[in-house]
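The structure appears right after this line, and notes come after that.
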2 protein chains.
Amino acid sequence: MAKRHCFILEFVAESVIVIDPQNPTQSADYLIKGGTLVTMDAKRRVIENGAIAIRGAEIVSIGPAVQIAEHIQARQTIDASGCLVIPGLINVHSHLAMTIFRGLVDDQPLEAWLGRIWPLEAAFANVSNVRAGTQLALVEMIRGGVTCAHDMYWQLWDNTRTAVNAGFRLVNGPAFTEIVGPDGVMPENHIPRAQSYIEEFRTNPLVTCCVQVHSTYTTSRQMLENARQISEDYQLLFVTHASESRVEVETIQQRFGKTPIEYLHEVGLLGPRTLLAHCVHLRDDEIQLLKDTSTSVAHCPESNLKLSNGVARLPDLLRAGVNVAIGTDGAATNNDLDMLGEMFTAAMVHKGVWGDPTCPKAEHVFEMATVKAARAIGMQDRLGSLETGKLADIAILDLDAPHLTPLYNVYSHLIYAANKSDVRSVFIHGKPVMLNRELLTLDEEEIKSAVRRVAMRINSGSQG
Amino acid sequence: MAKRHCFILEFVAESVIVIDPQNPTQSADYLIKGGTLVTMDAKRRVIENGAIAIRGAEIVSIGPAVQIAEHIQARQTIDASGCLVIPGLINVHSHLAMTIFRGLVDDQPLEAWLGRIWPLEAAFANVSNVRAGTQLALVEMIRGGVTCAHDMYWQLWDNTRTAVNAGFRLVNGPAFTEIVGPDGVMPENHIPRAQSYIEEFRTNPLVTCCVQVHSTYTTSRQMLENARQISEDYQLLFVTHASESRVEVETIQQRFGKTPIEYLHEVGLLGPRTLLAHCVHLRDDEIQLLKDTSTSVAHCPESNLKLSNGVARLPDLLRAGVNVAIGTDGAATNNDLDMLGEMFTAAMVHKGVWGDPTCPKAEHVFEMATVKAARAIGMQDRLGSLETGKLADIAILDLDAPHLTPLYNVYSHLIYAANKSDVRSVFIHGKPVMLNRELLTLDEEEIKSAVRRVAMRINSGSQG
């Protein structure tokens with residue numbers, strides 16, 4: 001028997017099956033079997049008729065089904081025949097609860113949009129409404145194959161608990177701001193509040209803590225430095241909006257004689273633990289600075305288009321070797337949280353605008369929602385690909401739809417043709433959160449009703 | 001009774017209920033009842049809890065459900081509660097059977113793409129394969145709320161019959177070309193062939209006949225004039241690709257000292273019966289020429305982006321008053337036939353590229369897939385809006401999805417948030433072709449299998 005196992009180990013070396021000779025049959029909680037695995041591992045293996053074994057939160061085996069199934073005794077087997085099995089999509093920039101404002105303010109520039117949205121937030125972003133909006137965002141994202149999302153919004157504690165309770169992976173943390181928002185946090189309380197949040201959630205397996213600042217134009221230098229200090233103390237990701245609009249860049253240049261990127265660098269806020277949202281308006285030397293400091297970018301093409309902020313220089317960022325990931329931004333500027341749609345837009349718009357039909361290629365866009373997104377949030381060792389030892393964040397897409405027929409290339413379909421309605425099942429941290437399109441951790445009907453009630457109050461002009 | 005009817009006629013004048021005093025209760029084949037009607041009539045009425053009565057191919061009553069239902073005795077009632085009821089979407093430019101090449105050649109410029117696709121067409125665009133591809137296109141479009149599409153492809157007769165057999169409305173006609181394509185039509189036979197096609201299909205209620213030319217760069221002047229003559233003789237729509245790529249514009253300028261638009265004008269091919277696909281590269285005076293001649297444009301933003309042809313000057317075209325409609329182009333450059341997605345792209349990309357977040361507004365994009373599309377194909381008196389006397393081409397979208405929650409504005413949702421998976425039922429020419437997502441005129445499973453077999457042959461490099 002031992003000899004046979006040795007043989008198998010050698011034969012399936014590509015499959016990274018680690019077999020204990022004393023215990024050739026491994027137990028697993030779930031076995032996802034059949035279907036085409038788009039692993040996004042270093043070799044970018046695509047495994048036809050593959051299988052993934054999950055134990056606890058992790059992938060314990062992955063490879064051809066015929067080899068994996070022989071060694072795995074699973075509590076439950078998920079049939080993925082006729083499906084694509086992909087790493088769960090990572091949405092690296094959003095404001096989740098803004099689903100409550102979806103479609104309320106369209107076809108306006110950023111400044112006019114903010115001028116309309118901020119008073120609405122002041123009136124309506126209370127715990128109850130924000131919880132309904134966050135839950136709706138989770139429903140929408142799970143249905144679209146998203147397993148991890150960044151959030152920057154009011155009611156921080158409650159949002160984090162809402163996600164954790166739904167079994168959803170969240171990148172979240174205190175957002176330092178000069179204004180007193182709907183959650184009543186005073187600027188002078190940001191440091192102890194940040195420490196308290198981080199202490200509470202840093203060990204939560206579903207939470208990737210970060211430190212956030214809305215932007216350089218809404219925050220004092222002192223506050224930026226406070227945020228930097230906390231992010232350094234805890235070695236946490238730092239997130240802010242940067243160079244989103246021309247007005248923002250001009251404002252910061254007038255105020256400090258520097259662009260937002262240069263200013264953030266001066267404050268010591270660029271680096272491998274920094275994720276900058278948007279980065280639409282960059283000079284060549286700023287792109288090089290992002291590369292040199294290993295700063296990541298959250299590319300949000302739909303929000304940038306809709307608000308007329310422009311088109312980020314994605315081909316130049318990619319050529320320079322900057323780590324770029326994709327985010328949907330909030331549903332009030334998009335108007336959905338559809339990462340498949342956002343990848344499509346990212347793949348299409350740059351070809352037309354920058355004149356190179358070969359950049360970005362479909363496969364490279366998919367990296368921006370998986371491996372590069374994992375790196376952008378500092379989770380490259382745990383997320384972003386289907387590999388033994390990584391966390392089991394997985395989406396299963398049905399290939400049967402007419403718009404996915406025929407199939408020549410999996411990356412082409414994932415980027416140019418797949419629809420959120422194709423997502424059939426989703427695992428996060430080893431647990432199913434949707435099976436055969438049935439949500440397991442969220443009451444969708446109740447959540448939609450709650451958000452509709454919020455919208456009725458917004459429409460009626462009442463408060464809260 | 002008569003008095004009461006007069007009163008109702010007055011009261012519901014907006015609803016255009018024509019009531020015969022001798023026969024106050026009208027019979028209808030179908031009554032679509034409940035839901036919000038987005039009529040796209042001249043007043044752009046949006047009717048909450050509306051109803052539409054259909055008799056034969058036409059809408060015979062439309063208005064508030066409470067008023068319509070009283071006077072209509074329908075054979076079958078369709079409950080549209082919680083839905084949006086919209087004019088069926090019109091896809092004004094496509095090459096339907098190219099679904100068989102979906103995702104086969106991505107991330108290439110137009111010329112390289114054509115260089116790859118044309119030999120594949122020569123080998124595989126036979127009647128059987130093209131029929132499978134056309135049927136798949138019909139399945140995909142019906143599932144996406146499209147009720148009428150243009151087609152320009154080989155195997156003309158068969159494609160038209162395929163659509164008619166499926167109860168689908170097609171804009172189709174002979175495409176004049178210098179090359180002998182996979183259907184073996186010799187250039188010298190184009191005129192009698194065109195006459196024969198037109199004579200056969202001009203009275204078919206589901207077919208809008210047109211005369212087509214691939215482009216000015218693939219067709220001689222004599223052939224353009226022949227096509228013009230046929231289109232004049234029969235007073236038919238003329239369709240061609242124009243000013244799609246820079247290379248095309250430069251080629252025609254070198255050949256004739258004129259742009260494609262100027263050259264078409266010289267040949268007498270601009271006018272209210274002309275629909276030009278793409279029109280990406282236009283000068284100001286060419287935009288004015290399109291306006292002055294009442295020529296329509298088929299805007300295909302996704303194809304233009306993906307092939308790096310650029311971004312059409314949509315805001316300038318709209319400001320000049322040119323009639324612009326939307327097309328998906330073929331699935332080999334898109335990679336789907338999703339008009340909701342194409343409207344989204346049309347609504348997003350111009351804001352980001354041309355710098356005006358207010359143009360185009362969501363409502364105006366919806367016009368480009370409905371009333372303006374109907375005008376582009378010369379069917380403005382019969383299609384494009386939900387009005388008494390118009391043909392009953394109707395799509396019903398379920399509003400229940402999380403990504404459509406909450407609802408503030410119907411146009412916002414139709415353009416920025418609705419997904420093809422939201423389309424529940426579709427009527428064409430008064431007949432249901434999909435009810436509750438069940439296709440009634442096409443065998444989807446058999447069609448997908450047939451297209452997969454075609455793809456296997458293409459993959460294996462075999463012929464036909």
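As shown in the structure tokens, the chain order sets the letters A, B, ...; within each chain, residues go from 1, and ligands are also counted from 1 in the order they appear.
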**OP:** Find the spatial neighbours of region 267-270 of chain A, counting only C-alpha atoms, within a cut-off of 9 Å - ignore same-chain residues fewer than 2 positions away - and output them as JSON, numbers by chain.
**Re:** {"A": [221, 224, 225, 228, 238, 261, 262, 263, 264, 265, 272, 273, 274, 275, 276, 289, 290, 293, 294, 295, 296]}
Output file for the residues above (C-alpha atoms, as a PDB file, in the first residue's frame):
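The result, written out as selection-v8.pdb:
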```pdb
ATOM      1  CA  ARG A 221      -2.482  66.216   8.224  1.00  0.00           C
ATOM      2  CA  LEU A 224      -3.539  61.304   8.481  1.00  0.00           C
ATOM      3  CA  GLU A 225      -0.560  60.904  10.796  1.00  0.00           C
ATOM      4  CA  ARG A 228      -0.635  56.080   9.876  1.00  0.00           C
ATOM      5  CA  PHE A 238      -4.291  51.529   5.248  1.00  0.00           C
ATOM      6  CA  ILE A 261      -0.185  60.811  -4.090  1.00  0.00           C
ATOM      7  CA  GLU A 262       2.852  62.974  -3.291  1.00  0.00           C
ATOM      8  CA  TYR A 263       1.208  64.250  -0.150  1.00  0.00           C
ATOM      9  CA  LEU A 264       0.360  60.739   1.067  1.00  0.00           C
ATOM     10  CA  HIS A 265       3.963  59.751   0.377  1.00  0.00           C
ATOM     11  CA  PRO A 272       2.923  47.615   0.664  1.00  0.00           C
ATOM     12  CA  ARG A 273       0.209  47.899   3.326  1.00  0.00           C
ATOM     13  CA  THR A 274      -1.559  50.749   1.513  1.00  0.00           C
ATOM     14  CA  LEU A 275      -4.549  50.441  -0.822  1.00  0.00           C
ATOM     15  CA  LEU A 276      -5.577  53.574  -2.706  1.00  0.00           C
ATOM     16  CA  LEU A 289       6.100  55.993  -7.041  1.00  0.00           C
ATOM     17  CA  LEU A 290       3.213  53.576  -6.497  1.00  0.00           C
ATOM     18  CA  THR A 293       6.545  51.804  -2.731  1.00  0.00           C
ATOM     19  CA  SER A 294       4.565  48.615  -3.571  1.00  0.00           C
ATOM     20  CA  THR A 295       1.334  50.524  -3.001  1.00  0.00           C
ATOM     21  CA  SER A 296      -1.814  48.819  -4.320  1.00  0.00           C
TER      22      SER A 296
END
```
Per DSSP on the backbone, what are the helix (DSSP H, G or I) residues of region 280-376 of chain B, as a PDB file with N, CA and C atoms, in the first residue's frame?
```
ATOM      1  N   ASP B 284     -16.945  66.955 -36.981  1.00  0.00           N
ATOM      2  CA  ASP B 284     -18.145  67.740 -36.700  1.00  0.00           C
ATOM      3  C   ASP B 284     -19.052  67.834 -37.927  1.00  0.00           C
ATOM      4  N   ASP B 285     -18.445  68.089 -39.096  1.00  0.00           N
ATOM      5  CA  ASP B 285     -19.287  68.282 -40.286  1.00  0.00           C
ATOM      6  C   ASP B 285     -19.949  66.982 -40.717  1.00  0.00           C
ATOM      7  N   GLU B 286     -19.333  65.862 -40.388  1.00  0.00           N
ATOM      8  CA  GLU B 286     -19.974  64.580 -40.712  1.00  0.00           C
ATOM      9  C   GLU B 286     -21.177  64.344 -39.787  1.00  0.00           C
ATOM     10  N   ILE B 287     -21.027  64.730 -38.528  1.00  0.00           N
ATOM     11  CA  ILE B 287     -22.170  64.613 -37.603  1.00  0.00           C
ATOM     12  C   ILE B 287     -23.325  65.464 -38.126  1.00  0.00           C
ATOM     13  N   GLN B 288     -22.990  66.670 -38.579  1.00  0.00           N
ATOM     14  CA  GLN B 288     -24.037  67.556 -39.104  1.00  0.00           C
ATOM     15  C   GLN B 288     -24.679  66.948 -40.354  1.00  0.00           C
ATOM     16  N   LEU B 289     -23.860  66.297 -41.180  1.00  0.00           N
ATOM     17  CA  LEU B 289     -24.367  65.662 -42.401  1.00  0.00           C
ATOM     18  C   LEU B 289     -25.341  64.526 -42.047  1.00  0.00           C
ATOM     19  N   LEU B 290     -25.001  63.755 -41.025  1.00  0.00           N
ATOM     20  CA  LEU B 290     -25.914  62.693 -40.594  1.00  0.00           C
ATOM     21  C   LEU B 290     -27.233  63.292 -40.137  1.00  0.00           C
ATOM     22  N   LYS B 291     -27.140  64.398 -39.401  1.00  0.00           N
ATOM     23  CA  LYS B 291     -28.355  65.075 -38.940  1.00  0.00           C
ATOM     24  C   LYS B 291     -29.156  65.624 -40.133  1.00  0.00           C
ATOM     25  N   ASP B 292     -28.462  66.312 -41.024  1.00  0.00           N
ATOM     26  CA  ASP B 292     -29.156  66.964 -42.143  1.00  0.00           C
ATOM     27  C   ASP B 292     -29.835  65.953 -43.056  1.00  0.00           C
ATOM     28  N   PRO B 301     -21.232  50.278 -28.477  1.00  0.00           N
ATOM     29  CA  PRO B 301     -20.082  50.691 -27.654  1.00  0.00           C
ATOM     30  C   PRO B 301     -19.188  49.536 -27.217  1.00  0.00           C
ATOM     31  N   GLU B 302     -19.760  48.371 -26.911  1.00  0.00           N
ATOM     32  CA  GLU B 302     -18.920  47.289 -26.388  1.00  0.00           C
ATOM     33  C   GLU B 302     -17.992  46.738 -27.463  1.00  0.00           C
ATOM     34  N   SER B 303     -18.508  46.533 -28.649  1.00  0.00           N
ATOM     35  CA  SER B 303     -17.661  46.081 -29.752  1.00  0.00           C
ATOM     36  C   SER B 303     -16.564  47.111 -30.033  1.00  0.00           C
ATOM     37  N   ASN B 304     -16.934  48.377 -30.044  1.00  0.00           N
ATOM     38  CA  ASN B 304     -15.952  49.441 -30.307  1.00  0.00           C
ATOM     39  C   ASN B 304     -14.852  49.457 -29.261  1.00  0.00           C
ATOM     40  N   LEU B 305     -15.225  49.249 -28.007  1.00  0.00           N
ATOM     41  CA  LEU B 305     -14.221  49.212 -26.931  1.00  0.00           C
ATOM     42  C   LEU B 305     -13.336  47.985 -27.083  1.00  0.00           C
ATOM     43  N   LYS B 306     -13.962  46.835 -27.238  1.00  0.00           N
ATOM     44  CA  LYS B 306     -13.201  45.581 -27.175  1.00  0.00           C
ATOM     45  C   LYS B 306     -12.187  45.480 -28.306  1.00  0.00           C
ATOM     46  N   LEU B 314     -20.926  60.042 -28.888  1.00  0.00           N
ATOM     47  CA  LEU B 314     -22.371  59.989 -28.623  1.00  0.00           C
ATOM     48  C   LEU B 314     -22.938  61.322 -28.130  1.00  0.00           C
ATOM     49  N   PRO B 315     -22.330  61.974 -27.140  1.00  0.00           N
ATOM     50  CA  PRO B 315     -22.919  63.247 -26.697  1.00  0.00           C
ATOM     51  C   PRO B 315     -23.044  64.255 -27.839  1.00  0.00           C
ATOM     52  N   ASP B 316     -22.046  64.313 -28.720  1.00  0.00           N
ATOM     53  CA  ASP B 316     -22.120  65.245 -29.850  1.00  0.00           C
ATOM     54  C   ASP B 316     -23.212  64.832 -30.838  1.00  0.00           C
ATOM     55  N   LEU B 317     -23.328  63.529 -31.067  1.00  0.00           N
ATOM     56  CA  LEU B 317     -24.390  63.039 -31.952  1.00  0.00           C
ATOM     57  C   LEU B 317     -25.768  63.382 -31.387  1.00  0.00           C
ATOM     58  N   LEU B 318     -25.931  63.188 -30.082  1.00  0.00           N
ATOM     59  CA  LEU B 318     -27.230  63.482 -29.464  1.00  0.00           C
ATOM     60  C   LEU B 318     -27.511  64.980 -29.490  1.00  0.00           C
ATOM     61  N   ARG B 319     -26.506  65.785 -29.189  1.00  0.00           N
ATOM     62  CA  ARG B 319     -26.706  67.242 -29.191  1.00  0.00           C
ATOM     63  C   ARG B 319     -27.050  67.744 -30.589  1.00  0.00           C
ATOM     64  N   ALA B 320     -26.464  67.101 -31.603  1.00  0.00           N
ATOM     65  CA  ALA B 320     -26.752  67.517 -32.987  1.00  0.00           C
ATOM     66  C   ALA B 320     -28.135  67.052 -33.429  1.00  0.00           C
ATOM     67  N   ALA B 331     -21.679  38.299 -31.238  1.00  0.00           N
ATOM     68  CA  ALA B 331     -21.197  37.760 -29.964  1.00  0.00           C
ATOM     69  C   ALA B 331     -19.708  37.441 -30.005  1.00  0.00           C
ATOM     70  N   ALA B 332     -19.102  37.526 -31.184  1.00  0.00           N
ATOM     71  CA  ALA B 332     -17.663  37.274 -31.268  1.00  0.00           C
ATOM     72  C   ALA B 332     -16.860  38.519 -30.896  1.00  0.00           C
ATOM     73  N   THR B 333     -17.520  39.646 -30.694  1.00  0.00           N
ATOM     74  CA  THR B 333     -16.804  40.882 -30.318  1.00  0.00           C
ATOM     75  C   THR B 333     -17.481  41.582 -29.161  1.00  0.00           C
ATOM     76  N   MET B 339     -28.744  43.372 -24.495  1.00  0.00           N
ATOM     77  CA  MET B 339     -29.043  44.790 -24.718  1.00  0.00           C
ATOM     78  C   MET B 339     -29.089  45.581 -23.416  1.00  0.00           C
ATOM     79  N   LEU B 340     -29.473  44.940 -22.306  1.00  0.00           N
ATOM     80  CA  LEU B 340     -29.423  45.654 -21.025  1.00  0.00           C
ATOM     81  C   LEU B 340     -27.971  46.009 -20.709  1.00  0.00           C
ATOM     82  N   GLY B 341     -27.070  45.065 -20.944  1.00  0.00           N
ATOM     83  CA  GLY B 341     -25.655  45.332 -20.723  1.00  0.00           C
ATOM     84  C   GLY B 341     -25.125  46.399 -21.667  1.00  0.00           C
ATOM     85  N   GLU B 342     -25.569  46.355 -22.916  1.00  0.00           N
ATOM     86  CA  GLU B 342     -25.097  47.340 -23.900  1.00  0.00           C
ATOM     87  C   GLU B 342     -25.594  48.743 -23.531  1.00  0.00           C
ATOM     88  N   MET B 343     -26.837  48.827 -23.037  1.00  0.00           N
ATOM     89  CA  MET B 343     -27.345  50.131 -22.588  1.00  0.00           C
ATOM     90  C   MET B 343     -26.515  50.639 -21.419  1.00  0.00           C
ATOM     91  N   PHE B 344     -26.189  49.745 -20.494  1.00  0.00           N
ATOM     92  CA  PHE B 344     -25.348  50.128 -19.345  1.00  0.00           C
ATOM     93  C   PHE B 344     -24.031  50.715 -19.829  1.00  0.00           C
ATOM     94  N   THR B 345     -23.378  49.999 -20.746  1.00  0.00           N
ATOM     95  CA  THR B 345     -22.083  50.474 -21.244  1.00  0.00           C
ATOM     96  C   THR B 345     -22.245  51.826 -21.942  1.00  0.00           C
ATOM     97  N   ALA B 346     -23.310  51.940 -22.760  1.00  0.00           N
ATOM     98  CA  ALA B 346     -23.542  53.218 -23.452  1.00  0.00           C
ATOM     99  C   ALA B 346     -23.757  54.352 -22.453  1.00  0.00           C
ATOM    100  N   ALA B 347     -24.405  54.039 -21.349  1.00  0.00           N
ATOM    101  CA  ALA B 347     -24.692  55.066 -20.343  1.00  0.00           C
ATOM    102  C   ALA B 347     -23.449  55.444 -19.557  1.00  0.00           C
ATOM    103  N   MET B 348     -22.527  54.496 -19.389  1.00  0.00           N
ATOM    104  CA  MET B 348     -21.371  54.725 -18.523  1.00  0.00           C
ATOM    105  C   MET B 348     -20.197  55.350 -19.264  1.00  0.00           C
ATOM    106  N   VAL B 349     -19.848  54.782 -20.409  1.00  0.00           N
ATOM    107  CA  VAL B 349     -18.533  55.073 -20.987  1.00  0.00           C
ATOM    108  C   VAL B 349     -18.394  56.528 -21.424  1.00  0.00           C
ATOM    109  N   HIS B 350     -19.466  57.100 -21.952  1.00  0.00           N
ATOM    110  CA  HIS B 350     -19.343  58.470 -22.467  1.00  0.00           C
ATOM    111  C   HIS B 350     -19.166  59.484 -21.348  1.00  0.00           C
ATOM    112  N   LYS B 351     -19.770  59.200 -20.205  1.00  0.00           N
ATOM    113  CA  LYS B 351     -19.610  60.119 -19.075  1.00  0.00           C
ATOM    114  C   LYS B 351     -18.142  60.207 -18.686  1.00  0.00           C
ATOM    115  N   GLY B 352     -17.494  59.056 -18.650  1.00  0.00           N
ATOM    116  CA  GLY B 352     -16.096  59.043 -18.233  1.00  0.00           C
ATOM    117  C   GLY B 352     -15.151  59.580 -19.285  1.00  0.00           C
ATOM    118  N   VAL B 353     -15.486  59.310 -20.546  1.00  0.00           N
ATOM    119  CA  VAL B 353     -14.558  59.665 -21.627  1.00  0.00           C
ATOM    120  C   VAL B 353     -14.718  61.114 -22.062  1.00  0.00           C
ATOM    121  N   TRP B 354     -15.960  61.576 -22.158  1.00  0.00           N
ATOM    122  CA  TRP B 354     -16.192  62.928 -22.686  1.00  0.00           C
ATOM    123  C   TRP B 354     -16.385  63.958 -21.579  1.00  0.00           C
ATOM    124  N   ALA B 362     -30.011  58.355 -18.140  1.00  0.00           N
ATOM    125  CA  ALA B 362     -30.543  56.988 -18.236  1.00  0.00           C
ATOM    126  C   ALA B 362     -31.751  56.923 -19.175  1.00  0.00           C
ATOM    127  N   GLU B 363     -32.672  57.856 -19.018  1.00  0.00           N
ATOM    128  CA  GLU B 363     -33.885  57.828 -19.842  1.00  0.00           C
ATOM    129  C   GLU B 363     -33.545  57.933 -21.331  1.00  0.00           C
ATOM    130  N   HIS B 364     -32.544  58.734 -21.633  1.00  0.00           N
ATOM    131  CA  HIS B 364     -32.184  58.928 -23.044  1.00  0.00           C
ATOM    132  C   HIS B 364     -31.496  57.697 -23.625  1.00  0.00           C
ATOM    133  N   VAL B 365     -30.797  56.951 -22.786  1.00  0.00           N
ATOM    134  CA  VAL B 365     -30.221  55.687 -23.260  1.00  0.00           C
ATOM    135  C   VAL B 365     -31.351  54.688 -23.540  1.00  0.00           C
ATOM    136  N   PHE B 366     -32.352  54.697 -22.682  1.00  0.00           N
ATOM    137  CA  PHE B 366     -33.469  53.765 -22.901  1.00  0.00           C
ATOM    138  C   PHE B 366     -34.189  54.079 -24.218  1.00  0.00           C
ATOM    139  N   GLU B 367     -34.272  55.353 -24.565  1.00  0.00           N
ATOM    140  CA  GLU B 367     -34.857  55.733 -25.862  1.00  0.00           C
ATOM    141  C   GLU B 367     -34.097  55.075 -27.016  1.00  0.00           C
ATOM    142  N   MET B 368     -32.785  54.947 -26.839  1.00  0.00           N
ATOM    143  CA  MET B 368     -31.933  54.431 -27.920  1.00  0.00           C
ATOM    144  C   MET B 368     -32.136  52.935 -28.159  1.00  0.00           C
ATOM    145  N   VAL B 371     -37.710  53.712 -28.665  1.00  0.00           N
ATOM    146  CA  VAL B 371     -38.306  54.584 -29.690  1.00  0.00           C
ATOM    147  C   VAL B 371     -37.313  54.988 -30.780  1.00  0.00           C
ATOM    148  N   LYS B 372     -36.092  55.300 -30.394  1.00  0.00           N
ATOM    149  CA  LYS B 372     -35.119  55.704 -31.414  1.00  0.00           C
ATOM    150  C   LYS B 372     -34.661  54.505 -32.243  1.00  0.00           C
ATOM    151  N   ALA B 373     -34.647  53.339 -31.628  1.00  0.00           N
ATOM    152  CA  ALA B 373     -34.301  52.125 -32.369  1.00  0.00           C
ATOM    153  C   ALA B 373     -35.388  51.811 -33.396  1.00  0.00           C
ATOM    154  N   ALA B 374     -36.637  51.989 -32.990  1.00  0.00           N
ATOM    155  CA  ALA B 374     -37.740  51.760 -33.929  1.00  0.00           C
ATOM    156  C   ALA B 374     -37.619  52.709 -35.115  1.00  0.00           C
ATOM    157  N   ARG B 375     -37.293  53.947 -34.829  1.00  0.00           N
ATOM    158  CA  ARG B 375     -37.130  54.927 -35.915  1.00  0.00           C
ATOM    159  C   ARG B 375     -35.950  54.533 -36.817  1.00  0.00           C
ATOM    160  N   ALA B 376     -34.883  54.033 -36.195  1.00  0.00           N
ATOM    161  CA  ALA B 376     -33.688  53.658 -36.968  1.00  0.00           C
ATOM    162  C   ALA B 376     -33.976  52.562 -37.986  1.00  0.00           C
TER     163      ALA B 376
END
```
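Nearest residue to Ile198 (chain B) among B:Ala450, B:Leu156, B:Ile326, B:Val180 is B:Leu156, counting only C-alpha atoms.
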**OP:** For Asn419 (chain A), list every protein, DNA or RNA residue within 9 Å, evaluated using only C-alpha atoms, and leave out those in the same chain fewer than 6 positions away; present the list as a PyMOL selection string.
**Re:** (chain A and resi 144+338+340-341+403-404) or (chain B and resi 419-421)
For the selection just defined, write its residues with C-alpha atoms to a file, as a compact mmCIF listing (two decimals), in the first residue's frame.
```txt
# COMPACT_ATOMS: atom_id res chain seq x y z
CA GLY A 144 -22.53 37.44 -7.60
CA ASP A 338 -21.48 43.10 -9.35
CA LEU A 340 -18.37 40.14 -12.78
CA GLY A 341 -19.80 43.29 -14.32
CA HIS A 403 -24.67 33.35 -23.10
CA LEU A 404 -21.91 30.93 -21.97
CA ASN B 419 -29.82 42.25 -15.40
CA LYS B 420 -30.97 39.94 -18.17
CA SER B 421 -31.82 37.42 -15.47
```
With a distance cut-off of 12 Å and only C-alpha atoms, select the neighbouring residues of Thr218 (chain B), excluding the residue or stretch itself and same-chain residues fewer than 6 positions from it, and output the selection as a PDB file with N, CA and C atoms, in the first residue's frame.
```pdb
ATOM      1  N   ALA B 175     -27.003  41.069 -48.202  1.00  0.00           N
ATOM      2  CA  ALA B 175     -25.804  41.882 -47.988  1.00  0.00           C
ATOM      3  C   ALA B 175     -24.932  41.783 -49.231  1.00  0.00           C
ATOM      4  N   PHE B 176     -24.787  42.895 -49.927  1.00  0.00           N
ATOM      5  CA  PHE B 176     -23.986  42.921 -51.156  1.00  0.00           C
ATOM      6  C   PHE B 176     -22.510  42.880 -50.788  1.00  0.00           C
ATOM      7  N   THR B 177     -21.779  41.970 -51.395  1.00  0.00           N
ATOM      8  CA  THR B 177     -20.356  41.872 -51.095  1.00  0.00           C
ATOM      9  C   THR B 177     -19.603  41.364 -52.308  1.00  0.00           C
ATOM     10  N   GLU B 178     -18.346  41.768 -52.433  1.00  0.00           N
ATOM     11  CA  GLU B 178     -17.533  41.368 -53.591  1.00  0.00           C
ATOM     12  C   GLU B 178     -17.065  39.923 -53.469  1.00  0.00           C
ATOM     13  N   ILE B 179     -16.943  39.467 -52.229  1.00  0.00           N
ATOM     14  CA  ILE B 179     -16.385  38.128 -52.055  1.00  0.00           C
ATOM     15  C   ILE B 179     -17.475  37.069 -52.144  1.00  0.00           C
ATOM     16  N   VAL B 180     -17.053  35.891 -52.515  1.00  0.00           N
ATOM     17  CA  VAL B 180     -17.976  34.761 -52.516  1.00  0.00           C
ATOM     18  C   VAL B 180     -17.856  34.105 -51.145  1.00  0.00           C
ATOM     19  N   LEU B 224     -22.258  49.341 -54.396  1.00  0.00           N
ATOM     20  CA  LEU B 224     -22.981  50.282 -53.529  1.00  0.00           C
ATOM     21  C   LEU B 224     -24.176  50.862 -54.284  1.00  0.00           C
ATOM     22  N   THR B 240     -25.208  49.571 -43.433  1.00  0.00           N
ATOM     23  CA  THR B 240     -23.806  49.228 -43.651  1.00  0.00           C
ATOM     24  C   THR B 240     -22.973  49.623 -42.429  1.00  0.00           C
ATOM     25  N   HIS B 241     -21.764  49.066 -42.341  1.00  0.00           N
ATOM     26  CA  HIS B 241     -20.792  49.515 -41.348  1.00  0.00           C
ATOM     27  C   HIS B 241     -20.136  50.793 -41.879  1.00  0.00           C
ATOM     28  N   ALA B 242     -19.920  51.767 -41.012  1.00  0.00           N
ATOM     29  CA  ALA B 242     -19.268  52.990 -41.490  1.00  0.00           C
ATOM     30  C   ALA B 242     -18.441  53.638 -40.393  1.00  0.00           C
ATOM     31  N   GLU B 248     -10.078  51.922 -41.388  1.00  0.00           N
ATOM     32  CA  GLU B 248     -11.129  51.998 -42.419  1.00  0.00           C
ATOM     33  C   GLU B 248     -11.226  53.410 -42.984  1.00  0.00           C
ATOM     34  N   THR B 251      -8.257  54.165 -45.119  1.00  0.00           N
ATOM     35  CA  THR B 251      -8.304  53.397 -46.368  1.00  0.00           C
ATOM     36  C   THR B 251      -9.208  54.069 -47.395  1.00  0.00           C
ATOM     37  N   ILE B 252     -10.388  54.445 -46.937  1.00  0.00           N
ATOM     38  CA  ILE B 252     -11.353  55.059 -47.868  1.00  0.00           C
ATOM     39  C   ILE B 252     -10.875  56.442 -48.301  1.00  0.00           C
ATOM     40  N   ARG B 255      -8.344  55.900 -50.900  1.00  0.00           N
ATOM     41  CA  ARG B 255      -8.906  55.346 -52.124  1.00  0.00           C
ATOM     42  C   ARG B 255      -9.743  56.361 -52.897  1.00  0.00           C
ATOM     43  N   PRO B 260     -15.576  57.634 -45.247  1.00  0.00           N
ATOM     44  CA  PRO B 260     -16.695  56.727 -45.574  1.00  0.00           C
ATOM     45  C   PRO B 260     -18.046  57.444 -45.578  1.00  0.00           C
TER      46      PRO B 260
END
```
